[in-house]
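Novice: File name final-v9.cif; file contents mmCIF, C-alpha atoms (C1' of nucleotides); full text below.
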data_data
#
loop_
_atom_site.label_atom_id
_atom_site.label_comp_id
_atom_site.auth_asym_id
_atom_site.auth_seq_id
_atom_site.Cartn_x
_atom_site.Cartn_y
_atom_site.Cartn_z
CA MET O 72 106.34 103.41 45.06
CA ILE O 73 105.49 106.45 43.08
CA ILE O 74 102.97 107.33 40.51
CA ILE O 75 103.82 110.17 38.23
CA ILE O 76 101.14 111.45 36.00
CA PHE O 77 102.31 113.77 33.33
CA PRO O 78 100.22 115.46 30.67
CA ASN O 79 99.31 112.48 28.61
CA ASP O 80 101.79 109.98 29.85
CA ILE O 81 102.56 108.17 33.01
CA TYR O 82 106.01 106.65 33.16
CA GLN O 83 107.66 103.78 34.90
CA TYR O 84 110.67 105.01 36.76
CA GLY O 85 111.59 102.74 39.65
CA GLU O 86 110.37 99.89 41.77
CA GLN O 87 110.79 100.51 45.46
CA LEU O 88 107.82 101.08 47.70
CA ASP O 89 106.78 104.14 49.61
CA ASP O 90 108.50 107.07 47.97
CA PHE O 91 106.59 109.27 45.64
CA ILE O 92 107.17 112.15 43.30
CA LEU O 93 104.99 115.14 43.60
CA LEU O 94 102.67 115.72 40.69
CA HIS O 95 103.55 119.08 39.20
CA MET O 96 102.74 121.41 36.39
CA PHE O 97 99.14 120.48 35.87
CA PHE O 98 97.78 119.28 39.19
CA THR O 99 97.75 120.42 42.80
CA LYS O 100 99.52 118.76 45.69
CA SER O 101 96.11 117.76 47.03
CA PHE O 102 95.46 115.63 43.99
CA GLY O 103 98.85 113.97 44.24
CA TYR O 104 98.37 113.28 47.95
CA ALA O 105 94.93 111.85 47.26
CA VAL O 106 96.09 109.49 44.53
CA ARG O 107 99.02 108.37 46.62
CA GLY O 108 96.89 107.93 49.73
CA ILE O 109 94.28 105.85 47.96
CA LEU O 110 96.99 103.81 46.37
CA TYR O 111 98.73 103.15 49.61
CA VAL O 112 95.53 101.86 51.18
CA ALA O 113 94.81 99.72 48.13
CA LEU O 114 98.32 98.29 48.09
CA MET O 115 98.19 97.48 51.79
CA SER O 116 94.77 95.85 51.57
CA ASP O 117 96.40 92.49 50.92
CA GLU O 118 98.08 92.41 54.29
CA LYS O 119 95.70 94.42 56.40
CA LYS O 120 92.15 95.57 56.08
CA ARG O 121 92.59 99.02 57.53
CA VAL O 122 95.36 101.57 57.41
CA GLN O 123 95.69 104.55 59.73
CA ILE O 124 96.39 108.09 58.63
CA ASP O 125 99.60 108.16 60.70
CA GLU O 126 101.04 105.27 58.78
CA ILE O 127 100.00 106.65 55.40
CA ALA O 128 101.38 110.09 56.17
CA GLU O 129 104.65 108.66 57.42
CA ARG O 130 105.22 106.25 54.54
CA LEU O 131 104.32 108.90 52.00
CA SER O 132 106.21 111.73 53.72
CA VAL O 133 103.11 113.85 53.62
CA PRO O 134 101.72 116.19 56.30
CA LYS O 135 99.37 114.09 58.38
CA HIS O 136 96.58 116.52 59.14
CA PHE O 137 96.51 117.93 55.66
CA LEU O 138 96.31 114.43 54.25
CA GLY O 139 93.54 113.74 56.77
CA LYS O 140 91.38 116.44 55.27
CA ILE O 141 91.95 115.16 51.78
CA MET O 142 91.19 111.57 52.80
CA ASN O 143 88.04 112.89 54.39
CA LYS O 144 86.84 114.19 51.02
CA ILE O 145 87.79 110.87 49.45
CA VAL O 146 85.67 109.00 51.99
CA LYS O 147 82.73 111.36 51.55
CA GLU O 148 82.80 110.56 47.86
CA LYS O 149 82.83 106.85 48.73
CA ILE O 150 86.15 106.25 47.02
CA LEU O 151 87.42 104.74 50.27
CA ASP O 152 85.72 103.68 53.50
CA SER O 153 86.81 104.77 56.95
CA THR O 154 86.09 103.64 60.49
CA LYS O 155 86.74 105.55 63.66
CA GLY O 156 87.92 104.07 66.89
CA PRO O 157 90.26 101.21 67.73
CA TYR O 158 91.15 98.97 64.81
CA GLY O 159 89.75 101.73 62.63
CA GLY O 160 91.34 103.43 59.69
CA PHE O 161 90.88 103.68 55.95
CA SER O 162 89.98 100.74 53.76
CA ILE O 163 89.06 100.06 50.17
CA ASN O 164 85.50 99.25 49.21
CA GLN O 165 83.92 97.47 46.28
CA ASP O 166 84.25 100.56 44.08
CA THR O 167 87.74 101.77 44.96
CA LEU O 168 89.68 99.88 42.33
CA SER O 169 87.42 100.91 39.49
CA ILE O 170 87.54 104.63 40.31
CA PRO O 171 89.05 106.61 37.45
CA LEU O 172 91.69 109.19 38.27
CA ILE O 173 89.48 111.94 36.96
CA LYS O 174 87.10 111.28 39.82
CA VAL O 175 89.94 111.89 42.26
CA LEU O 176 90.82 115.05 40.39
CA GLU O 177 87.23 116.23 40.60
CA VAL O 178 87.05 115.60 44.33
CA THR O 179 90.32 117.32 45.14
CA GLU O 180 90.62 120.26 42.81
CA GLY O 181 87.54 120.24 40.59
CA LEU O 182 87.35 120.07 36.83
CA GLU O 183 87.13 123.79 36.11
CA GLN O 184 90.45 123.61 34.31
CA PHE O 185 88.74 121.62 31.59
CA SER O 186 86.25 124.34 30.76
CA MET O 187 88.15 127.56 31.42
CA CYS O 188 89.44 129.56 28.51
CA ALA O 189 93.20 129.20 28.61
CA LEU O 190 93.64 132.87 27.81
CA GLY O 191 91.12 134.12 30.33
CA LEU O 192 88.74 135.52 27.74
CA ARG O 193 85.27 136.22 29.02
CA LYS O 194 83.77 135.18 25.74
CA CYS O 195 85.34 132.06 24.37
CA ASP O 196 83.40 129.17 22.89
CA PRO O 197 83.48 127.08 19.73
CA ASP O 198 81.63 129.87 17.90
CA HIS O 199 83.92 132.60 19.21
CA PRO O 200 87.17 130.73 19.82
CA CYS O 201 90.27 132.37 21.18
CA PRO O 202 93.46 131.83 19.15
CA VAL O 203 94.39 128.71 21.04
CA HIS O 204 90.90 127.41 21.69
CA HIS O 205 91.04 124.41 19.41
CA ASP O 206 94.55 123.40 20.40
CA MET O 207 93.57 123.58 24.04
CA GLU O 208 90.43 121.59 23.42
CA ARG O 209 92.47 118.81 21.87
CA LEU O 210 95.03 118.86 24.68
CA ARG O 211 92.35 118.82 27.31
CA SER O 212 90.33 116.05 25.77
CA ASP O 213 93.51 113.95 25.52
CA LEU O 214 94.25 114.57 29.17
CA LYS O 215 90.65 113.94 30.13
CA LYS O 216 90.67 110.64 28.29
CA THR O 217 93.87 109.55 29.99
CA LEU O 218 92.45 110.38 33.40
CA THR O 219 89.12 108.79 32.63
CA ASP O 220 90.64 105.58 31.30
CA ALA O 221 93.16 105.11 34.10
CA THR O 222 91.66 103.59 37.24
CA ILE O 223 93.12 103.03 40.67
CA ASN O 224 93.39 99.38 39.76
CA ASP O 225 95.50 100.24 36.74
CA LEU O 226 97.93 101.96 39.04
CA VAL O 227 97.88 99.10 41.52
CA ILE O 228 98.59 96.38 39.03
CA GLY O 229 100.75 98.63 36.88
CA ASN O 230 99.65 96.97 33.70
CA LYS O 231 99.36 100.03 31.54
CA PRO O 232 102.33 101.30 29.59
CA GLU O 233 101.30 104.88 30.30
CA LEU O 234 101.59 104.40 34.03
CA ILE O 235 104.72 105.17 35.93
CA ARG O 236 105.98 103.81 39.17
CA ASN O 237 108.71 105.83 40.69
CA ILE O 238 110.92 105.30 43.66
CA SER O 239 112.51 108.69 43.83
CA ALA O 240 111.68 110.92 46.76
CA TYR O 241 110.27 114.40 46.52
CA MET K 796 94.91 146.26 22.10
CA ILE K 797 96.05 143.00 23.48
CA ILE K 798 99.14 140.99 23.38
CA ILE K 799 98.75 137.33 23.96
CA ILE K 800 101.81 135.29 24.51
CA PHE K 801 101.31 131.61 24.38
CA PRO K 802 103.90 128.86 24.80
CA ASN K 803 105.76 129.28 21.57
CA ASP K 804 103.53 131.60 19.69
CA ILE K 805 102.21 135.08 19.91
CA TYR K 806 99.25 135.73 17.69
CA GLN K 807 97.66 138.66 15.99
CA TYR K 808 94.06 138.74 16.93
CA GLY K 809 92.51 142.21 16.71
CA GLU K 810 93.31 145.83 16.16
CA GLN K 811 91.61 148.11 18.63
CA LEU K 812 93.60 149.85 21.29
CA ASP K 813 93.49 149.57 25.04
CA ASP K 814 92.00 146.21 25.83
CA PHE K 815 94.20 143.34 26.74
CA ILE K 816 93.98 139.68 27.41
CA LEU K 817 95.57 138.37 30.53
CA LEU K 818 98.52 136.14 29.93
CA HIS K 819 97.64 132.79 31.36
CA MET K 820 98.93 129.30 31.82
CA PHE K 821 102.59 130.06 32.09
CA PHE K 822 102.97 133.57 33.47
CA THR K 823 101.77 135.63 36.41
CA LYS K 824 99.42 138.58 36.29
CA SER K 825 102.34 140.80 37.23
CA PHE K 826 104.14 139.89 34.04
CA GLY K 827 101.03 140.53 31.96
CA TYR K 828 100.46 143.89 33.63
CA ALA K 829 104.09 144.84 33.09
CA VAL K 830 104.09 144.02 29.39
CA ARG K 831 100.82 145.80 28.88
CA GLY K 832 101.93 148.82 30.89
CA ILE K 833 105.18 149.19 28.99
CA LEU K 834 103.33 148.77 25.75
CA TYR K 835 100.79 151.38 26.60
CA VAL K 836 103.49 153.91 27.36
CA ALA K 837 105.34 153.03 24.17
CA LEU K 838 102.22 153.28 22.05
CA MET K 839 101.29 156.64 23.55
CA SER K 840 104.76 158.09 23.11
CA ASP K 841 103.81 159.39 19.68
CA GLU K 842 101.20 161.73 21.05
CA LYS K 843 102.57 162.53 24.46
CA LYS K 844 105.90 162.15 26.13
CA ARG K 845 104.66 161.05 29.53
CA VAL K 846 101.77 158.92 30.68
CA GLN K 847 100.42 158.81 34.23
CA ILE K 848 99.68 155.65 36.15
CA ASP K 849 96.03 156.66 36.52
CA GLU K 850 95.56 156.71 32.78
CA ILE K 851 97.41 153.45 32.23
CA ALA K 852 95.48 151.68 34.94
CA GLU K 853 92.18 152.96 33.67
CA ARG K 854 92.79 152.14 30.02
CA LEU K 855 94.11 148.70 30.89
CA SER K 856 91.49 147.95 33.55
CA VAL K 857 94.21 147.09 35.99
CA PRO K 858 94.44 147.93 39.71
CA LYS K 859 96.25 151.24 39.85
CA HIS K 860 98.42 150.81 42.93
CA PHE K 861 99.37 147.28 42.11
CA LEU K 862 100.38 148.38 38.65
CA GLY K 863 102.29 151.22 40.25
CA LYS K 864 104.52 148.82 42.12
CA ILE K 865 105.18 146.80 39.01
CA MET K 866 105.97 149.92 36.98
CA ASN K 867 108.33 150.87 39.76
CA LYS K 868 110.34 147.70 39.22
CA ILE K 869 110.29 148.36 35.50
CA VAL K 870 111.73 151.82 36.06
CA LYS K 871 114.38 150.55 38.47
CA GLU K 872 115.53 148.17 35.75
CA LYS K 873 115.66 151.12 33.33
CA ILE K 874 113.10 149.61 30.99
CA LEU K 875 111.09 152.83 31.30
CA ASP K 876 111.82 156.26 32.75
CA SER K 877 109.63 158.08 35.23
CA THR K 878 109.38 161.60 36.51
CA LYS K 879 107.60 162.81 39.61
CA GLY K 880 105.65 165.98 39.96
CA PRO K 881 103.53 167.99 37.55
CA TYR K 882 103.81 166.95 33.92
CA GLY K 883 105.47 163.83 35.23
CA GLY K 884 104.67 160.22 34.48
CA PHE K 885 106.21 157.27 32.70
CA SER K 886 108.07 157.55 29.44
CA ILE K 887 110.11 155.36 27.14
CA ASN K 888 113.85 155.73 26.95
CA GLN K 889 116.45 154.83 24.36
CA ASP K 890 116.45 151.19 25.44
CA THR K 891 112.74 150.53 25.90
CA LEU K 892 111.92 149.32 22.43
CA SER K 893 114.80 146.89 22.26
CA ILE K 894 114.00 145.21 25.58
CA PRO K 895 113.21 141.53 25.09
CA LEU K 896 110.16 140.11 26.83
CA ILE K 897 112.33 137.77 28.84
CA LYS K 898 113.80 140.79 30.60
CA VAL K 899 110.29 141.81 31.65
CA LEU K 900 109.66 138.27 32.82
CA GLU K 901 112.86 138.31 34.84
CA VAL K 902 111.98 141.61 36.51
CA THR K 903 108.45 140.60 37.40
CA GLU K 904 108.52 136.95 38.29
CA GLY K 905 112.09 135.78 37.87
CA LEU K 906 113.40 133.01 35.68
CA GLU K 907 113.37 130.19 38.21
CA GLN K 908 110.79 128.36 36.14
CA PHE K 909 113.47 127.77 33.54
CA SER K 910 115.68 125.82 35.88
CA MET K 911 113.27 124.05 38.23
CA CYS K 912 112.66 120.34 37.78
CA ALA K 913 109.15 120.03 36.45
CA LEU K 914 108.49 117.08 38.71
CA GLY K 915 109.90 118.66 41.81
CA LEU K 916 112.73 116.17 42.15
CA ARG K 917 115.51 117.19 44.47
CA LYS K 918 118.08 115.61 42.24
CA CYS K 919 117.44 116.27 38.59
CA ASP K 920 120.10 117.26 36.10
CA PRO K 921 121.29 116.10 32.67
CA ASP K 922 123.21 113.26 34.32
CA HIS K 923 120.29 112.20 36.50
CA PRO K 924 117.30 113.31 34.44
CA CYS K 925 113.73 112.84 35.58
CA PRO K 926 111.43 111.09 33.11
CA VAL K 927 110.38 114.32 31.48
CA HIS K 928 113.64 116.19 31.86
CA HIS K 929 114.59 116.29 28.21
CA ASP K 930 111.11 117.09 26.99
CA MET K 931 110.89 119.95 29.44
CA GLU K 932 114.31 121.22 28.46
CA ARG K 933 113.21 121.43 24.86
CA LEU K 934 109.95 123.13 25.74
CA ARG K 935 111.70 125.61 27.95
CA SER K 936 114.41 126.47 25.49
CA ASP K 937 111.74 127.06 22.84
CA LEU K 938 109.86 129.36 25.16
CA LYS K 939 113.04 131.09 26.21
CA LYS K 940 113.99 131.71 22.61
CA THR K 941 110.58 133.15 21.83
CA LEU K 942 110.78 135.50 24.78
CA THR K 943 114.35 136.45 24.03
CA ASP K 944 113.68 137.17 20.37
CA ALA K 945 110.51 139.20 20.90
CA THR K 946 111.15 142.79 21.91
CA ILE K 947 108.81 145.52 23.00
CA ASN K 948 109.26 147.04 19.58
CA ASP K 949 108.07 143.84 17.94
CA LEU K 950 104.89 144.13 19.91
CA VAL K 951 104.52 147.81 19.14
CA ILE K 952 104.93 147.54 15.41
CA GLY K 953 103.29 144.14 15.27
CA ASN K 954 105.44 143.09 12.38
CA LYS K 955 106.03 139.55 13.47
CA PRO K 956 103.57 136.87 12.49
CA GLU K 957 103.88 135.31 15.91
CA LEU K 958 102.62 138.40 17.65
CA ILE K 959 99.01 138.86 18.49
CA ARG K 960 97.05 141.99 19.00
CA ASN K 961 93.73 141.44 20.60
CA ILE K 962 90.88 143.72 21.25
CA SER K 963 88.99 141.48 23.57
CA ALA K 964 88.80 142.41 27.22
CA TYR K 965 89.75 140.19 30.08
"C1'" DT D 1246 79.89 100.10 80.17
"C1'" DT D 1247 84.24 101.73 79.76
"C1'" DC D 1248 87.95 103.73 77.42
"C1'" DA D 1249 91.80 103.89 74.43
"C1'" DT D 1250 91.81 104.64 69.69
"C1'" DA D 1251 91.36 106.79 65.26
"C1'" DA D 1252 88.73 109.68 62.09
"C1'" DG D 1253 86.27 114.14 61.73
"C1'" DA D 1254 85.83 118.99 62.36
"C1'" DG D 1255 87.33 123.46 63.05
"C1'" DA D 1256 90.45 127.11 64.28
"C1'" DC D 1257 94.51 128.91 63.07
"C1'" DC D 1258 99.10 129.55 60.78
"C1'" DT D 1259 102.50 130.26 56.69
"C1'" DA D 1260 103.85 131.77 52.18
"C1'" DC D 1261 102.78 133.91 48.11
"C1'" DT D 1262 100.26 136.66 44.75
"C1'" DT D 1263 97.25 140.19 44.17
"C1'" DG D 1264 95.09 144.33 45.52
"C1'" DT D 1265 94.02 148.81 48.50
"C1'" DC D 1266 95.03 152.85 50.97
"C1'" DT D 1267 97.85 156.50 52.99
"C1'" DT D 1268 101.98 159.00 53.52
"C1'" DT D 1269 106.37 160.60 51.73
"C1'" DT D 1270 109.37 162.38 48.30
"C1'" DG D 1271 110.70 164.69 44.29
"C1'" DT D 1272 109.72 168.19 40.65
"C1'" DG D 1273 108.47 171.67 37.34
"C1'" DA D 1274 106.14 175.70 36.28
"C1'" DA D 1275 104.28 179.87 37.81
"C1'" DT M 224 109.99 179.92 46.70
"C1'" DT M 225 105.88 177.90 46.60
"C1'" DC M 226 102.68 174.33 45.69
"C1'" DA M 227 99.92 171.25 43.14
"C1'" DC M 228 101.07 167.14 41.02
"C1'" DA M 229 102.69 162.45 40.29
"C1'" DA M 230 105.70 158.63 41.44
"C1'" DA M 231 107.67 156.08 45.40
"C1'" DA M 232 107.25 153.78 49.58
"C1'" DG M 233 105.14 151.34 53.04
"C1'" DA M 234 101.45 149.44 55.75
"C1'" DC M 235 97.79 146.58 55.36
"C1'" DA M 236 94.17 143.29 53.61
"C1'" DA M 237 92.06 139.55 50.60
"C1'" DG M 238 92.47 135.12 48.34
"C1'" DT M 239 94.41 130.69 47.79
"C1'" DA M 240 97.14 126.54 48.53
"C1'" DG M 241 99.34 124.24 51.79
"C1'" DG M 242 100.13 122.96 56.51
"C1'" DT M 243 99.62 122.55 61.92
"C1'" DC M 244 97.24 121.90 66.12
"C1'" DT M 245 93.46 120.88 69.27
"C1'" DC M 246 89.09 119.35 70.42
"C1'" DT M 247 85.06 116.36 69.34
"C1'" DT M 248 82.86 112.21 67.92
"C1'" DA M 249 82.34 107.48 66.92
"C1'" DT M 250 83.69 102.68 67.76
"C1'" DG M 251 85.02 98.12 69.04
"C1'" DA M 252 87.01 95.03 72.09
"C1'" DA M 253 87.71 93.93 76.76
#
As structure tokens, please, write out the structure in this file.

Specialist:
Amino acid sequence: MIIIIFPNDIYQYGEQLDDFILLHMFFTKSFGYAVRGILYVALMSDEKKRVQIDEIAERLSVPKHFLGKIMNKIVKEKILDSTKGPYGGFSINQDTLSIPLIKVLEVTEGLEQFSMCALGLRKCDPDHPCPVHHDMERLRSDLKKTLTDATINDLVIGNKPELIRNISAY
Amino acid sequence: MIIIIFPNDIYQYGEQLDDFILLHMFFTKSFGYAVRGILYVALMSDEKKRVQIDEIAERLSVPKHFLGKIMNKIVKEKILDSTKGPYGGFSINQDTLSIPLIKVLEVTEGLEQFSMCALGLRKCDPDHPCPVHHDMERLRSDLKKTLTDATINDLVIGNKPELIRNISAY
DNA sequence: TTCATAAGAGACCTACTTGTCTTTTGTGAA
DNA sequence: TTCACAAAAGACAAGTAGGTCTCTTATGAA
């Protein structure tokens, strides 16, 4: 199963589990790994309470230790729970499903992209806008809305037309 | 003076010499430095035949040695000429003004971005398009056309509505 | 209470872009 | 023919994203 998030759209593309497309163009790999990791845990929560990093990394074809660090941030932000030791692993909590994607974005790569001047101008604000300021503002607020509206649960149940599942491998 | 190139547009924005905006979002710093460097030499060619890297770097607020390497590539591709020794420096040649920006892009960062799948799919072509394949193709061909149509001379004389001059510093 | 287990933490590596510094090479005018 | 000058070349370092490896810490069931 894959989630592709593209500028303002998320598309349905396939239906088989456990392959994912990398999120490109606008987001980092970390963000993609995080979304996919959280999703995998959420999807598995029906059949088992806890999922280990080895399993997640293998099913998602993602580097284990790198994913571990990302999951660590996710746990620190209480998006998932984790338990060490035997029978330990990552599990969803009461908040997981209602977490909006923008929260995951914030945790993994920050939200600076939403406030930076696209042209790199030192002085760029509504009063002294750069040539593309207003266009960028519109684009960004669209994207922000999409990411704020879409929750983990939306991805899990796949009930939003803007969400894509994709089977294809990276 | 600044040239801003944005997806499909290049805007006029100011009129004072020697400050530039960094090209963001789609291009590397190297490309921005290259365009600005070539432009500086072209603009100065009225008052002096050759311009030294120290002057260019200072006027453009760009790291001198890094710019030097980029200018070197530019010279190897015969977009500019250079002469060592006293009274040496960089100068325009008979081709400089007719060079399209896409040539500068090719020299500095390559054109791979025009053929890569935006989603990072291994298998993505017109017969097996990814969900955003056709949209991206259109975007890219627009951008490619803009960069192919705009020459150094267009920037120098600023006679195209899509070209921007900008005074603001990065 | 032990101990295998699994996450956490930290050091380190790779690749790439950007940036710095020093040495080498070519050159034009005196 | 010399020599100061300026580009060319090359070594090296910083910054960042991504990735690997090892050691430490917590835990839960036997």

Novice: Quick one: which residues from chain D are at most 12 Å off chain K, using only C-alpha atoms (C1' of nucleotides), as a VMD selection string?

Specialist: chain D and resid 1261 to 1267 1270 to 1275

Novice: Please write as a list in words the full residue list that the PyMOL selection byres ((chain K and resi 830-837) around 7) yields on this file.

Specialist: Phe826, Gly827, Tyr828, Ala829, Leu838, Met839, Ser840, Val846, Ile851, Phe885, Ser886, Ile887, Val899, Ile947 and Val951 of chain K

Novice: With all atoms of region 224-239 of chain M from the file as input, state the centre and edge lengths in Å to one decimal of the axis-aligned box that has 6 Å extra on each side, as lines of an AutoDock Vina configuration file.

Specialist:
center_x = 101.0
center_y = 155.3
center_z = 48.0
size_x = 29.9
size_y = 61.2
size_z = 27.5

Novice: Near chain O, which residues of chain M fall within 7 Å when you count only C-alpha atoms (C1' of nucleotides), and what do they look like as a short mmCIF file (atom, residue, chain, number, x, y, z; two decimals) with C-alpha atoms (C1' of nucleotides), keeping the file's coordinate frame?

Specialist:
data_model
loop_
_atom_site.label_atom_id
_atom_site.label_comp_id
_atom_site.auth_asym_id
_atom_site.auth_seq_id
_atom_site.Cartn_x
_atom_site.Cartn_y
_atom_site.Cartn_z
"C1'" DG M 242 100.13 122.96 56.51
"C1'" DA M 249 82.34 107.48 66.92
"C1'" DT M 250 83.69 102.68 67.76
"C1'" DG M 251 85.02 98.12 69.04
#

Novice: Write out as an NGL selection string each polymer residue whose atoms come within 12 Å of DC1257 (chain D), counting all atoms listed in the file; drop sequence neighbours fewer than 3 positions from it.

Specialist: :M and (242-245)

Novice: Determine, counting all atoms listed in the file, every residue of protein, DNA or RNA that lies within 10 Å of (93.1, 117.8, 38.3) in the file coordinates, then give the result as number ranges by chain.

Specialist: O: 97-103, 172-185, 214-215, 218

Novice: What's the separation between CA of Leu168 (chain O) and CA of Ile228 (chain O), in Å to one decimal place?

Specialist: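 Computed distance, CA of Leu168 (chain O) to CA of Ile228 (chain O), equals 10.1 Å.
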
Novice: Could you jot down the CA of Ile170 (chain O) to CA of Lys147 (chain O) separation for me, Å, one decimal place?

Specialist: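 Straight-line distance from CA of Ile170 (chain O) to CA of Lys147 (chain O) works out to 14.0 Å.
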
Novice: I'd like to know which of M:DC246, M:DA229, M:DA252, M:DA234 is closest to DG1255 (chain D), using all atoms listed in the file.

Specialist: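 Distance minimum relative to DG1255 (chain D) lands on M:DC246.
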
Novice: Just to confirm, what's the straight-line distance from C1' of DA232 (chain M) to CA of Ile865 (chain K) in Å (one decimal)?

Specialist: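 CA of Ile865 (chain K) lies at a distance of 12.8 Å from C1' of DA232 (chain M).
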
Novice: Could you list, as an NGL selection string, every residue matched by the PyMOL selection byres ((chain D and resi 1246) around 12) in this structure?

Specialist: (:D and (1247-1248)) or (:M and (252-253))

Novice: Quick check on the file I pasted: which residues fall under the PyMOL selection byres ((chain D and resi 1259) around 9)? Write them as a ChimeraX atom specification.

Specialist: /D:1258,1260 /M:241-242
